[in-house]
file model.csv (CSV, C-alpha atoms and all ligand atoms)
chain,number,residue,atom,x,y,z
A,1,MET,CA,-160.5,-146.9,39.1
A,2,PRO,CA,-157.8,-149.0,37.6
A,3,SER,CA,-154.4,-147.3,37.9
A,4,ARG,CA,-152.5,-146.2,34.8
A,5,ARG,CA,-148.8,-145.7,34.4
A,6,GLY,CA,-146.4,-145.4,31.5
A,7,ALA,CA,-145.0,-142.4,29.6
A,8,HIS,CA,-147.8,-142.4,27.1
A,9,ALA,CA,-150.7,-143.1,29.4
A,10,GLY,CA,-153.9,-142.2,27.7
A,11,GLY,CA,-152.3,-141.3,24.3
A,12,PRO,CA,-154.6,-141.8,21.4
A,13,GLY,CA,-152.5,-144.2,19.4
A,14,SER,CA,-150.9,-146.0,22.3
A,15,LEU,CA,-150.8,-149.7,22.8
A,16,ARG,CA,-153.0,-150.5,25.8
A,17,LEU,CA,-151.6,-153.3,28.1
A,18,VAL,CA,-153.9,-154.5,30.9
A,19,TRP,CA,-152.4,-156.4,33.8
A,20,VAL,CA,-155.3,-158.3,35.3
A,21,TYR,CA,-155.4,-158.9,39.1
A,22,PRO,CA,-151.8,-158.7,40.1
A,23,ASP,CA,-153.0,-158.7,43.7
A,24,LEU,CA,-154.3,-162.3,43.2
A,25,LEU,CA,-152.3,-163.6,40.3
A,26,SER,CA,-148.7,-162.8,40.1
A,27,THR,CA,-146.2,-165.5,41.2
A,28,TYR,CA,-142.6,-166.1,40.2
A,29,GLY,CA,-142.1,-162.6,38.7
A,30,ASP,CA,-145.0,-162.7,36.3
A,31,ARG,CA,-145.0,-158.9,36.4
A,32,GLY,CA,-141.9,-159.1,34.3
A,33,ASN,CA,-144.1,-160.1,31.4
A,34,LEU,CA,-145.7,-156.6,31.5
A,35,LEU,CA,-142.3,-154.9,31.7
A,36,VAL,CA,-141.0,-156.8,28.7
A,37,LEU,CA,-144.0,-156.0,26.6
A,38,GLU,CA,-143.6,-152.3,27.5
A,39,ARG,CA,-139.9,-152.3,26.8
A,40,ARG,CA,-140.0,-154.1,23.5
A,41,ALA,CA,-142.9,-151.9,22.3
A,42,ARG,CA,-141.1,-148.7,23.2
A,43,LEU,CA,-137.8,-149.8,21.7
A,44,ARG,CA,-139.8,-150.0,18.4
A,45,GLY,CA,-141.2,-146.5,19.0
A,46,LEU,CA,-144.7,-147.7,19.9
A,47,PRO,CA,-146.2,-145.7,22.7
A,48,VAL,CA,-147.6,-147.8,25.5
A,49,GLU,CA,-150.2,-147.3,28.2
A,50,SER,CA,-150.3,-149.9,31.0
A,51,VAL,CA,-153.4,-150.3,33.1
A,52,ILE,CA,-153.1,-152.3,36.4
A,53,VAL,CA,-156.4,-153.7,37.5
A,54,ASN,CA,-156.8,-155.2,41.0
A,55,ALA,CA,-159.5,-157.6,41.9
A,56,ASP,CA,-161.8,-154.9,43.3
A,57,GLN,CA,-161.7,-153.0,40.1
A,58,PRO,CA,-163.6,-153.4,36.8
A,59,VAL,CA,-161.6,-154.9,33.9
A,60,PRO,CA,-161.6,-152.3,31.1
A,61,ARG,CA,-162.9,-153.7,27.8
A,62,GLN,CA,-160.8,-151.5,25.4
A,63,GLY,CA,-157.3,-153.0,26.1
A,64,ASP,CA,-155.1,-154.4,23.3
A,65,ILE,CA,-153.1,-157.0,25.3
A,66,TYR,CA,-154.4,-158.5,28.6
A,67,LEU,CA,-152.0,-160.3,30.9
A,68,MET,CA,-152.7,-162.7,33.8
A,69,GLY,CA,-150.2,-164.4,36.0
A,70,GLY,CA,-150.1,-167.5,38.1
A,71,GLY,CA,-151.6,-167.9,41.6
A,72,GLU,CA,-152.2,-170.3,44.5
A,73,ASP,CA,-155.4,-172.2,44.6
A,74,LEU,CA,-157.6,-169.9,46.7
A,75,PRO,CA,-156.6,-166.6,45.0
A,76,GLN,CA,-157.2,-168.4,41.7
A,77,ILE,CA,-160.7,-169.4,42.8
A,78,LEU,CA,-161.5,-165.9,43.9
A,79,ALA,CA,-160.1,-164.5,40.7
A,80,ALA,CA,-162.4,-166.8,38.7
A,81,ARG,CA,-165.5,-165.7,40.6
A,82,ARG,CA,-164.7,-162.0,40.2
A,83,LEU,CA,-163.7,-162.2,36.5
A,84,ARG,CA,-166.8,-164.2,35.6
A,85,ALA,CA,-169.0,-161.6,37.4
A,86,ASP,CA,-167.1,-158.7,35.8
A,87,GLY,CA,-167.2,-160.0,32.2
A,88,GLY,CA,-164.7,-157.5,31.0
A,89,LEU,CA,-161.9,-159.9,30.0
A,90,ARG,CA,-164.3,-162.2,28.2
A,91,ALA,CA,-165.8,-159.3,26.3
A,92,ALA,CA,-162.3,-157.9,25.3
A,93,ALA,CA,-161.3,-161.4,24.1
A,94,GLY,CA,-164.5,-161.6,22.1
A,95,HIS,CA,-163.6,-158.2,20.4
A,96,GLY,CA,-160.2,-159.6,19.3
A,97,ALA,CA,-157.9,-158.4,22.1
A,98,VAL,CA,-154.7,-160.4,22.7
A,99,VAL,CA,-154.8,-162.4,25.9
A,100,PHE,CA,-151.6,-163.9,27.5
A,101,ALA,CA,-152.1,-166.0,30.6
A,102,VAL,CA,-149.7,-167.9,32.8
A,103,CYS,CA,-150.4,-171.1,34.8
A,104,ALA,CA,-153.4,-170.2,37.1
A,105,GLY,CA,-154.4,-167.5,34.6
A,106,TYR,CA,-154.1,-170.0,31.8
A,107,GLN,CA,-156.4,-172.5,33.6
A,108,LEU,CA,-158.8,-169.7,34.3
A,109,LEU,CA,-159.3,-169.0,30.6
A,110,GLY,CA,-160.8,-172.5,30.2
A,111,VAL,CA,-164.2,-174.0,30.6
A,112,GLU,CA,-163.3,-175.4,34.0
A,113,PHE,CA,-160.4,-175.8,36.3
A,114,GLY,CA,-159.6,-177.8,39.5
A,115,GLY,CA,-160.4,-176.2,42.9
A,116,GLU,CA,-158.4,-176.7,46.0
A,117,GLU,CA,-159.7,-180.3,46.5
A,118,GLY,CA,-159.7,-180.9,42.7
A,119,GLN,CA,-163.4,-180.2,42.4
A,120,PRO,CA,-164.3,-178.8,38.9
A,121,LEU,CA,-165.0,-175.1,39.0
A,122,PRO,CA,-166.2,-172.9,36.2
A,123,GLY,CA,-163.6,-170.9,34.3
A,124,LEU,CA,-164.1,-167.9,32.0
A,125,GLU,CA,-164.8,-170.0,28.8
A,126,ILE,CA,-162.5,-167.9,26.7
A,127,LEU,CA,-160.5,-170.9,25.6
A,128,ASN,CA,-161.9,-174.4,25.0
A,129,ILE,CA,-159.7,-176.2,27.5
A,130,ARG,CA,-160.4,-178.0,30.7
A,131,SER,CA,-158.0,-178.3,33.6
A,132,GLY,CA,-158.1,-180.7,36.5
A,133,ARG,CA,-155.6,-181.8,39.2
A,134,GLY,CA,-152.9,-184.4,38.7
A,135,GLU,CA,-151.7,-186.6,41.4
A,136,ARG,CA,-148.6,-184.6,42.1
A,137,ARG,CA,-147.1,-181.2,41.3
A,138,GLY,CA,-144.9,-180.4,38.4
A,139,VAL,CA,-142.1,-178.2,39.8
A,140,GLY,CA,-139.0,-177.1,38.0
A,141,GLU,CA,-137.5,-175.9,34.7
A,142,ILE,CA,-139.4,-176.6,31.5
A,143,VAL,CA,-138.3,-176.5,27.9
A,144,ALA,CA,-140.7,-176.8,25.0
A,145,ASP,CA,-140.7,-176.2,21.2
A,146,VAL,CA,-143.4,-173.9,19.9
A,147,ASP,CA,-145.7,-174.8,17.1
A,148,PRO,CA,-143.5,-173.8,14.1
A,149,SER,CA,-146.3,-171.9,12.5
A,150,LEU,CA,-145.9,-169.3,15.2
A,151,GLY,CA,-142.2,-168.7,14.5
A,152,VAL,CA,-141.2,-168.5,18.2
A,153,GLY,CA,-138.8,-171.5,18.5
A,154,ARG,CA,-137.8,-173.0,21.8
A,155,LEU,CA,-139.3,-171.9,25.1
A,156,THR,CA,-137.6,-171.9,28.5
A,157,GLY,CA,-139.5,-171.4,31.7
A,158,PHE,CA,-140.2,-172.5,35.3
A,159,GLU,CA,-143.3,-174.4,36.2
A,160,ASN,CA,-145.0,-175.2,39.5
A,161,HIS,CA,-148.5,-176.5,39.2
A,162,GLN,CA,-150.7,-179.4,40.0
A,163,GLY,CA,-153.1,-178.7,37.2
A,164,VAL,CA,-153.3,-180.8,34.1
A,165,THR,CA,-154.9,-179.4,31.0
A,166,ARG,CA,-156.7,-181.0,28.1
A,167,LEU,CA,-157.4,-179.1,24.9
A,168,GLY,CA,-160.8,-179.2,23.2
A,169,PRO,CA,-161.6,-178.6,19.5
A,170,GLY,CA,-160.6,-175.3,18.0
A,171,VAL,CA,-157.6,-174.9,20.3
A,172,SER,CA,-154.0,-175.8,19.4
A,173,PRO,CA,-151.1,-176.8,21.7
A,174,LEU,CA,-148.7,-173.9,22.0
A,175,ALA,CA,-145.6,-176.2,22.2
A,176,ARG,CA,-144.3,-179.7,22.5
A,177,VAL,CA,-142.5,-180.5,25.8
A,178,VAL,CA,-138.8,-181.3,25.6
A,179,ALA,CA,-138.3,-181.4,29.3
A,180,GLY,CA,-140.8,-180.9,32.1
A,181,VAL,CA,-144.6,-181.3,32.4
A,182,GLY,CA,-146.6,-178.6,30.7
A,183,ASN,CA,-150.2,-179.7,30.0
A,184,GLY,CA,-149.3,-183.2,31.3
A,185,ASP,CA,-149.7,-185.0,27.9
A,186,GLY,CA,-146.5,-184.0,26.2
A,187,THR,CA,-147.9,-180.7,25.0
A,188,GLU,CA,-147.5,-177.3,26.7
A,189,GLY,CA,-149.9,-174.4,26.7
A,190,ALA,CA,-152.6,-173.6,24.2
A,191,TYR,CA,-153.8,-170.9,21.8
A,192,ALA,CA,-156.7,-170.0,19.7
A,193,GLY,CA,-157.0,-166.8,17.6
A,194,ARG,CA,-155.1,-164.3,19.7
A,195,VAL,CA,-155.7,-165.9,23.1
A,196,LEU,CA,-152.6,-167.8,24.4
A,197,GLY,CA,-152.0,-169.6,27.7
A,198,THR,CA,-148.9,-171.3,29.1
A,199,TYR,CA,-147.7,-173.0,32.2
A,200,LEU,CA,-144.4,-171.1,32.0
A,201,HIS,CA,-143.3,-168.7,34.6
A,202,GLY,CA,-139.8,-167.4,34.7
A,203,PRO,CA,-141.1,-164.8,33.7
A,204,ALA,CA,-142.1,-166.3,30.4
A,205,LEU,CA,-141.7,-163.2,28.2
A,206,VAL,CA,-138.4,-162.2,29.8
A,207,ARG,CA,-136.9,-165.6,28.9
A,208,ASN,CA,-138.7,-165.8,25.6
A,209,PRO,CA,-138.6,-162.5,23.8
A,210,ALA,CA,-139.9,-164.1,20.5
A,211,LEU,CA,-143.1,-165.0,22.4
A,212,ALA,CA,-143.4,-161.3,23.6
A,213,ASP,CA,-142.9,-160.1,20.0
A,214,LEU,CA,-145.6,-162.6,18.8
A,215,LEU,CA,-148.1,-161.0,21.2
A,216,LEU,CA,-147.0,-157.5,20.2
A,217,SER,CA,-147.3,-158.3,16.5
A,218,TRP,CA,-150.8,-159.7,17.1
A,219,ALA,CA,-151.8,-156.4,18.6
A,220,ALA,CA,-149.7,-153.9,16.5
A,221,GLY,CA,-148.8,-155.7,13.3
A,222,ARG,CA,-145.3,-156.5,12.0
A,223,LEU,CA,-142.4,-155.3,14.1
A,224,PRO,CA,-138.8,-154.6,13.1
A,225,PRO,CA,-136.2,-156.7,14.9
A,226,LEU,CA,-134.3,-155.1,17.8
A,227,ASN,CA,-130.6,-154.4,17.6
A,228,ALA,CA,-128.2,-156.9,19.0
A,229,ARG,CA,-127.2,-154.7,21.9
A,230,ASP,CA,-130.8,-154.5,23.2
A,231,GLU,CA,-131.0,-158.3,23.0
A,232,GLU,CA,-127.7,-159.1,24.7
A,233,TRP,CA,-128.9,-159.7,28.3
A,234,THR,CA,-131.9,-161.7,27.2
A,235,LEU,CA,-129.9,-164.0,25.1
A,236,ARG,CA,-127.4,-164.6,27.9
A,237,LEU,CA,-130.3,-165.4,30.3
A,238,ARG,CA,-131.8,-167.9,27.8
A,239,GLU,CA,-128.5,-169.6,27.3
A,240,GLN,CA,-128.0,-169.9,31.0
A,241,ARG,CA,-131.4,-171.3,31.7
A,242,LEU,CA,-131.4,-173.7,28.8
A,243,ALA,CA,-128.0,-175.0,29.9
A,244,ALA,CA,-129.3,-175.6,33.4
A,245,VAL,CA,-132.2,-177.8,32.3
A,246,PRO,CA,-132.0,-181.6,32.9
A,247,ALA,CA,-133.0,-183.9,30.1
A,248,GLY,CA,-135.9,-186.3,30.4
A,249,PRO,CA,-139.0,-187.4,28.7
A,250,PRO,CA,-142.1,-185.2,29.2
A,251,ARG,CA,-143.9,-186.2,32.4
A,252,SER,CA,-147.5,-186.6,33.2
A,253,LEU,CA,-148.9,-185.5,36.6
A,254,ASP,CA,-151.3,-188.5,36.5
A,255,GLU,CA,-148.5,-191.0,36.8
A,256,ARG,CA,-147.9,-192.6,40.2
A,257,PRO,CA,-144.8,-191.5,42.1
A,258,ARG,CA,-141.8,-193.6,41.4
A,259,PRO,CA,-138.6,-194.1,43.5
A,260,ARG,CA,-136.3,-191.2,42.9
A,261,PRO,CA,-132.5,-191.0,42.9
A,262,PRO,CA,-131.3,-189.4,46.1
A,263,GLY,CA,-131.1,-185.6,46.1
A,264,LEU,CA,-133.9,-185.0,43.7
A,265,GLY,CA,-137.1,-183.2,44.7
A,266,ASP,CA,-139.9,-185.5,45.8
A,267,ALA,CA,-143.1,-186.0,43.8
A,268,SER,CA,-145.5,-184.4,46.3
A,269,GLY,CA,-144.3,-180.8,45.9
A,270,GLY,CA,-141.0,-181.1,47.7
A,271,PRO,CA,-138.3,-178.6,46.8
A,272,ALA,CA,-137.2,-178.5,43.2
A,273,GLN,CA,-133.5,-179.2,42.6
A,274,PRO,CA,-131.8,-175.9,41.9
A,275,GLY,CA,-131.9,-175.2,38.2
A,276,GLY,CA,-133.5,-178.6,37.5
A,277,HIS,CA,-136.8,-180.3,37.5
A,278,ALA,CA,-138.1,-182.3,40.4
A,279,GLY,CA,-137.7,-186.0,39.7
A,280,VAL,CA,-136.1,-185.7,36.3
A,281,PRO,CA,-132.5,-186.9,35.9
A,282,ARG,CA,-129.8,-184.5,34.6
A,283,GLY,CA,-128.2,-184.6,31.2
A,284,GLY,CA,-128.3,-182.8,27.9
A,285,ILE,CA,-131.5,-181.5,26.2
A,286,PRO,CA,-132.7,-183.8,23.5
A,287,ALA,CA,-132.6,-182.5,19.9
A,288,ARG,CA,-135.6,-180.6,18.6
A,289,ARG,CA,-138.4,-182.9,17.4
A,290,ALA,CA,-140.9,-182.3,14.7
A,291,PHE,CA,-144.1,-180.8,16.0
A,292,PRO,CA,-146.8,-183.4,15.3
A,293,GLY,CA,-149.8,-181.2,15.8
A,294,PRO,CA,-152.1,-180.0,13.0
A,295,PRO,CA,-151.1,-176.7,11.2
A,296,SER,CA,-152.8,-173.8,12.8
A,297,PRO,CA,-154.4,-170.9,11.0
A,298,PRO,CA,-152.4,-167.6,11.1
A,299,PRO,CA,-153.7,-165.2,13.7
A,300,ARG,CA,-156.5,-162.9,12.6
A,301,PRO,CA,-155.4,-159.5,11.5
A,302,PRO,CA,-155.9,-156.8,14.1
A,303,THR,CA,-159.4,-155.5,14.2
A,304,ARG,CA,-159.0,-152.9,16.8
A,305,PRO,CA,-158.2,-149.2,16.2
B,1,LIG,N1,-152.9,-173.4,41.6
B,1,LIG,C1,-152.7,-173.9,40.3
B,1,LIG,C2,-152.0,-175.3,40.2
B,1,LIG,O1,-151.4,-175.7,41.2
B,1,LIG,C3,-151.8,-172.9,39.5
B,1,LIG,C4,-150.4,-172.7,40.1
B,1,LIG,C5,-149.6,-171.6,39.5
B,1,LIG,O2,-150.2,-170.6,39.0
B,1,LIG,N2,-148.3,-171.6,39.6
B,1,LIG,O3,-152.2,-175.9,39.2
call {"tool": "encode", "arguments": {"input": "model.csv", "output": "structure tokens"}}
result
Amino acid sequence: MPSRRGAHAGGPGSLRLVWVYPDLLSTYGDRGNLLVLERRARLRGLPVESVIVNADQPVPRQGDIYLMGGGEDLPQILAARRLRADGGLRAAAGHGAVVFAVCAGYQLLGVEFGGEEGQPLPGLEILNIRSGRGERRGVGEIVADVDPSLGVGRLTGFENHQGVTRLGPGVSPLARVVAGVGNGDGTEGAYAGRVLGTYLHGPALVRNPALADLLLSWAAGRLPPLNARDEEWTLRLREQRLAAVPAGPPRSLDERPRPRPPGLGDASGGPAQPGGHAGVPRGGIPARRAFPGPPSPPPRPPTRP
């Protein structure tokens, strides 16, 4: 059976968070996303029940928010096989549950993703996106401005992926890349209804509490702001990470490697420069740009009890 934890485990009105396959998909502290949702819900007096589902366990269909993290190529392929056979995550998304997926998890939500040799493999078909493999890895800090209709603002995160992602009809880009790679075409992440994916680790919701609150509000309705004392450390972390980001135009993983200034990470997955982005020169972050994408419909109102 999936294991439960949390002070309100099983309580009737509690918010049910489901952490999917941490044994296969949890790199770069993705578990922090679960911790932040728990904390920010409880600070608002919302009881929370967290369910941790390993890859040998069925995915419950009655969760409110499902979380998936990133993973290396082979665990990602195994996760895809098991999740497709299980069907629970797809069913929950179909019933209106919130899904938040990072990197490998994001790619898995799509119609297909690139296997270890780049071969197309079937995804979960929850989001109309297709991922393949670029020529080199995107490694380092990423900054991106979220679709203003979502009211989240600027994202800070860390990325390490070779996947490139293209969005199909019915799916909107989550954000526009200011520095880093993201989807590989100047956009970052994707969302449709209450399903949202991103390339950002970091963990994403620790660095971007407004994104955490968006997910919570999709599941639980409008939330009051937290008091300044409870936000202090998060704001300091955001400031520090944003200050560490080198400037540079959004990059594509399809482009051929170019000569790099000495001291920067190489294009084939070499070590990222501390605090920076492999292959992107340092400097200030460019000013926020207008988001050019089409306006997106507001999320559907919660339909779950
Ligand atoms: N294996 C995938 C890729 O390289 C996802 C990596 C990740 O989750 N960090 O694109």
call {"tool": "residues_near_ligand", "arguments": {"input": "model.csv", "ligand": "ligand LIG 1 (chain B)", "cutoff": "6 Å", "atoms": "all atoms listed in the file", "output": "number ranges by chain"}}
result
A: 70-73, 103-104, 160-163
call {"tool": "closest_residue", "arguments": {"input": "model.csv", "among": "A:His201, A:Arg82, A:Arg229, A:Arg42", "to": "A:Val139", "atoms": "only C-alpha atoms"}}
result
A:His201
call {"tool": "residues_around", "arguments": {"input": "model.csv", "residues": "A:Pro203", "least_positions_apart": "4", "cutoff": "8 Å", "atoms": "all atoms listed in the file", "output": "PyMOL selection string"}}
result
chain A and resi 28-33+157-158+207
call {"tool": "residues_around", "arguments": {"input": "model.csv", "residues": "A:Phe113", "least_positions_apart": "2", "cutoff": "8 Å", "atoms": "only C-alpha atoms", "output": "list in words"}}
result
Gln107, Leu108, Gly110, Val111, Gly115, Pro120, Leu121, Pro122, Gly123, Arg130, Ser131, Gly132 and Gly163 of chain A
call {"tool": "write_last_selection", "arguments": {"input": "model.csv", "atoms": "C-alpha atoms", "output": "PDB file, in the coordinates of the input"}}
result
ATOM      1  CA  GLN A 107    -156.400-172.500  33.600  1.00  0.00           C
ATOM      2  CA  LEU A 108    -158.800-169.700  34.300  1.00  0.00           C
ATOM      3  CA  GLY A 110    -160.800-172.500  30.200  1.00  0.00           C
ATOM      4  CA  VAL A 111    -164.200-174.000  30.600  1.00  0.00           C
ATOM      5  CA  GLY A 115    -160.400-176.200  42.900  1.00  0.00           C
ATOM      6  CA  PRO A 120    -164.300-178.800  38.900  1.00  0.00           C
ATOM      7  CA  LEU A 121    -165.000-175.100  39.000  1.00  0.00           C
ATOM      8  CA  PRO A 122    -166.200-172.900  36.200  1.00  0.00           C
ATOM      9  CA  GLY A 123    -163.600-170.900  34.300  1.00  0.00           C
ATOM     10  CA  ARG A 130    -160.400-178.000  30.700  1.00  0.00           C
ATOM     11  CA  SER A 131    -158.000-178.300  33.600  1.00  0.00           C
ATOM     12  CA  GLY A 132    -158.100-180.700  36.500  1.00  0.00           C
ATOM     13  CA  GLY A 163    -153.100-178.700  37.200  1.00  0.00           C
TER      14      GLY A 163
END
call {"tool": "closest_residue", "arguments": {"input": "model.csv", "among": "A:Leu15, A:Leu34, A:Val48, A:Val195", "to": "A:Ala212", "atoms": "only C-alpha atoms"}}
result
A:Leu34
call {"tool": "closest_residue", "arguments": {"input": "model.csv", "among": "A:Ala92, A:Ala41, A:Met68, A:Leu214", "to": "A:Pro22", "atoms": "only C-alpha atoms"}}
result
A:Met68
call {"tool": "atom_distance", "arguments": {"input": "model.csv", "atom1": "atom CA of A:Pro250", "atom2": "atom CA of A:Gly180"}}
result
5.3 Å
call {"tool": "build_atoms", "arguments": {"input": "model.csv", "residues": "stretch 64-89 of chain A", "atoms": "N, CA and C atoms", "output": "PDB file, keeping the file's coordinate frame"}}
result
ATOM      1  N   ASP A  64    -155.597-153.631  24.466  1.00  0.00           N
ATOM      2  CA  ASP A  64    -155.100-154.400  23.300  1.00  0.00           C
ATOM      3  C   ASP A  64    -154.465-155.695  23.705  1.00  0.00           C
ATOM      4  N   ILE A  65    -153.740-155.716  24.830  1.00  0.00           N
ATOM      5  CA  ILE A  65    -153.100-157.000  25.300  1.00  0.00           C
ATOM      6  C   ILE A  65    -153.450-157.101  26.800  1.00  0.00           C
ATOM      7  N   TYR A  66    -154.057-158.227  27.187  1.00  0.00           N
ATOM      8  CA  TYR A  66    -154.400-158.500  28.600  1.00  0.00           C
ATOM      9  C   TYR A  66    -153.405-159.568  29.102  1.00  0.00           C
ATOM     10  N   LEU A  67    -152.933-159.363  30.321  1.00  0.00           N
ATOM     11  CA  LEU A  67    -152.000-160.300  30.900  1.00  0.00           C
ATOM     12  C   LEU A  67    -152.527-160.800  32.248  1.00  0.00           C
ATOM     13  N   MET A  68    -152.395-162.099  32.474  1.00  0.00           N
ATOM     14  CA  MET A  68    -152.700-162.700  33.800  1.00  0.00           C
ATOM     15  C   MET A  68    -151.593-163.610  34.194  1.00  0.00           C
ATOM     16  N   GLY A  69    -151.252-163.593  35.468  1.00  0.00           N
ATOM     17  CA  GLY A  69    -150.200-164.400  36.000  1.00  0.00           C
ATOM     18  C   GLY A  69    -150.689-165.675  36.671  1.00  0.00           C
ATOM     19  N   GLY A  70    -149.788-166.318  37.405  1.00  0.00           N
ATOM     20  CA  GLY A  70    -150.100-167.500  38.100  1.00  0.00           C
ATOM     21  C   GLY A  70    -150.588-167.187  39.550  1.00  0.00           C
ATOM     22  N   GLY A  71    -151.133-168.191  40.227  1.00  0.00           N
ATOM     23  CA  GLY A  71    -151.600-167.900  41.600  1.00  0.00           C
ATOM     24  C   GLY A  71    -151.796-169.236  42.346  1.00  0.00           C
ATOM     25  N   GLU A  72    -151.859-169.098  43.659  1.00  0.00           N
ATOM     26  CA  GLU A  72    -152.200-170.300  44.500  1.00  0.00           C
ATOM     27  C   GLU A  72    -153.648-170.570  44.358  1.00  0.00           C
ATOM     28  N   ASP A  73    -154.035-171.745  44.879  1.00  0.00           N
ATOM     29  CA  ASP A  73    -155.400-172.200  44.600  1.00  0.00           C
ATOM     30  C   ASP A  73    -156.494-171.287  45.026  1.00  0.00           C
ATOM     31  N   LEU A  74    -156.425-170.766  46.260  1.00  0.00           N
ATOM     32  CA  LEU A  74    -157.600-169.900  46.700  1.00  0.00           C
ATOM     33  C   LEU A  74    -157.646-168.600  46.022  1.00  0.00           C
ATOM     34  N   PRO A  75    -156.533-167.860  45.846  1.00  0.00           N
ATOM     35  CA  PRO A  75    -156.600-166.600  45.000  1.00  0.00           C
ATOM     36  C   PRO A  75    -157.118-166.926  43.608  1.00  0.00           C
ATOM     37  N   GLN A  76    -156.739-168.082  43.077  1.00  0.00           N
ATOM     38  CA  GLN A  76    -157.200-168.400  41.700  1.00  0.00           C
ATOM     39  C   GLN A  76    -158.711-168.596  41.696  1.00  0.00           C
ATOM     40  N   ILE A  77    -159.263-169.226  42.729  1.00  0.00           N
ATOM     41  CA  ILE A  77    -160.700-169.400  42.800  1.00  0.00           C
ATOM     42  C   ILE A  77    -161.438-168.089  42.926  1.00  0.00           C
ATOM     43  N   LEU A  78    -160.873-167.219  43.766  1.00  0.00           N
ATOM     44  CA  LEU A  78    -161.500-165.900  43.900  1.00  0.00           C
ATOM     45  C   LEU A  78    -161.404-165.103  42.630  1.00  0.00           C
ATOM     46  N   ALA A  79    -160.271-165.191  41.952  1.00  0.00           N
ATOM     47  CA  ALA A  79    -160.100-164.500  40.700  1.00  0.00           C
ATOM     48  C   ALA A  79    -161.165-164.976  39.664  1.00  0.00           C
ATOM     49  N   ALA A  80    -161.395-166.279  39.648  1.00  0.00           N
ATOM     50  CA  ALA A  80    -162.400-166.800  38.700  1.00  0.00           C
ATOM     51  C   ALA A  80    -163.762-166.245  38.978  1.00  0.00           C
ATOM     52  N   ARG A  81    -164.145-166.210  40.250  1.00  0.00           N
ATOM     53  CA  ARG A  81    -165.500-165.700  40.600  1.00  0.00           C
ATOM     54  C   ARG A  81    -165.608-164.232  40.150  1.00  0.00           C
ATOM     55  N   ARG A  82    -164.580-163.440  40.460  1.00  0.00           N
ATOM     56  CA  ARG A  82    -164.700-162.000  40.200  1.00  0.00           C
ATOM     57  C   ARG A  82    -164.621-161.743  38.661  1.00  0.00           C
ATOM     58  N   LEU A  83    -163.769-162.455  37.965  1.00  0.00           N
ATOM     59  CA  LEU A  83    -163.700-162.200  36.500  1.00  0.00           C
ATOM     60  C   LEU A  83    -164.922-162.668  35.791  1.00  0.00           C
ATOM     61  N   ARG A  84    -165.545-163.745  36.263  1.00  0.00           N
ATOM     62  CA  ARG A  84    -166.800-164.200  35.600  1.00  0.00           C
ATOM     63  C   ARG A  84    -167.900-163.160  35.879  1.00  0.00           C
ATOM     64  N   ALA A  85    -167.955-162.628  37.104  1.00  0.00           N
ATOM     65  CA  ALA A  85    -169.000-161.600  37.400  1.00  0.00           C
ATOM     66  C   ALA A  85    -168.732-160.338  36.638  1.00  0.00           C
ATOM     67  N   ASP A  86    -167.466-159.976  36.467  1.00  0.00           N
ATOM     68  CA  ASP A  86    -167.100-158.700  35.800  1.00  0.00           C
ATOM     69  C   ASP A  86    -167.374-158.764  34.298  1.00  0.00           C
ATOM     70  N   GLY A  87    -166.958-159.830  33.664  1.00  0.00           N
ATOM     71  CA  GLY A  87    -167.200-160.000  32.200  1.00  0.00           C
ATOM     72  C   GLY A  87    -166.324-159.236  31.292  1.00  0.00           C
ATOM     73  N   GLY A  88    -165.465-158.328  31.827  1.00  0.00           N
ATOM     74  CA  GLY A  88    -164.700-157.500  31.000  1.00  0.00           C
ATOM     75  C   GLY A  88    -163.628-158.218  30.135  1.00  0.00           C
ATOM     76  N   LEU A  89    -162.958-159.183  30.750  1.00  0.00           N
ATOM     77  CA  LEU A  89    -161.900-159.900  30.000  1.00  0.00           C
ATOM     78  C   LEU A  89    -162.501-160.728  28.901  1.00  0.00           C
TER      79      LEU A  89
END
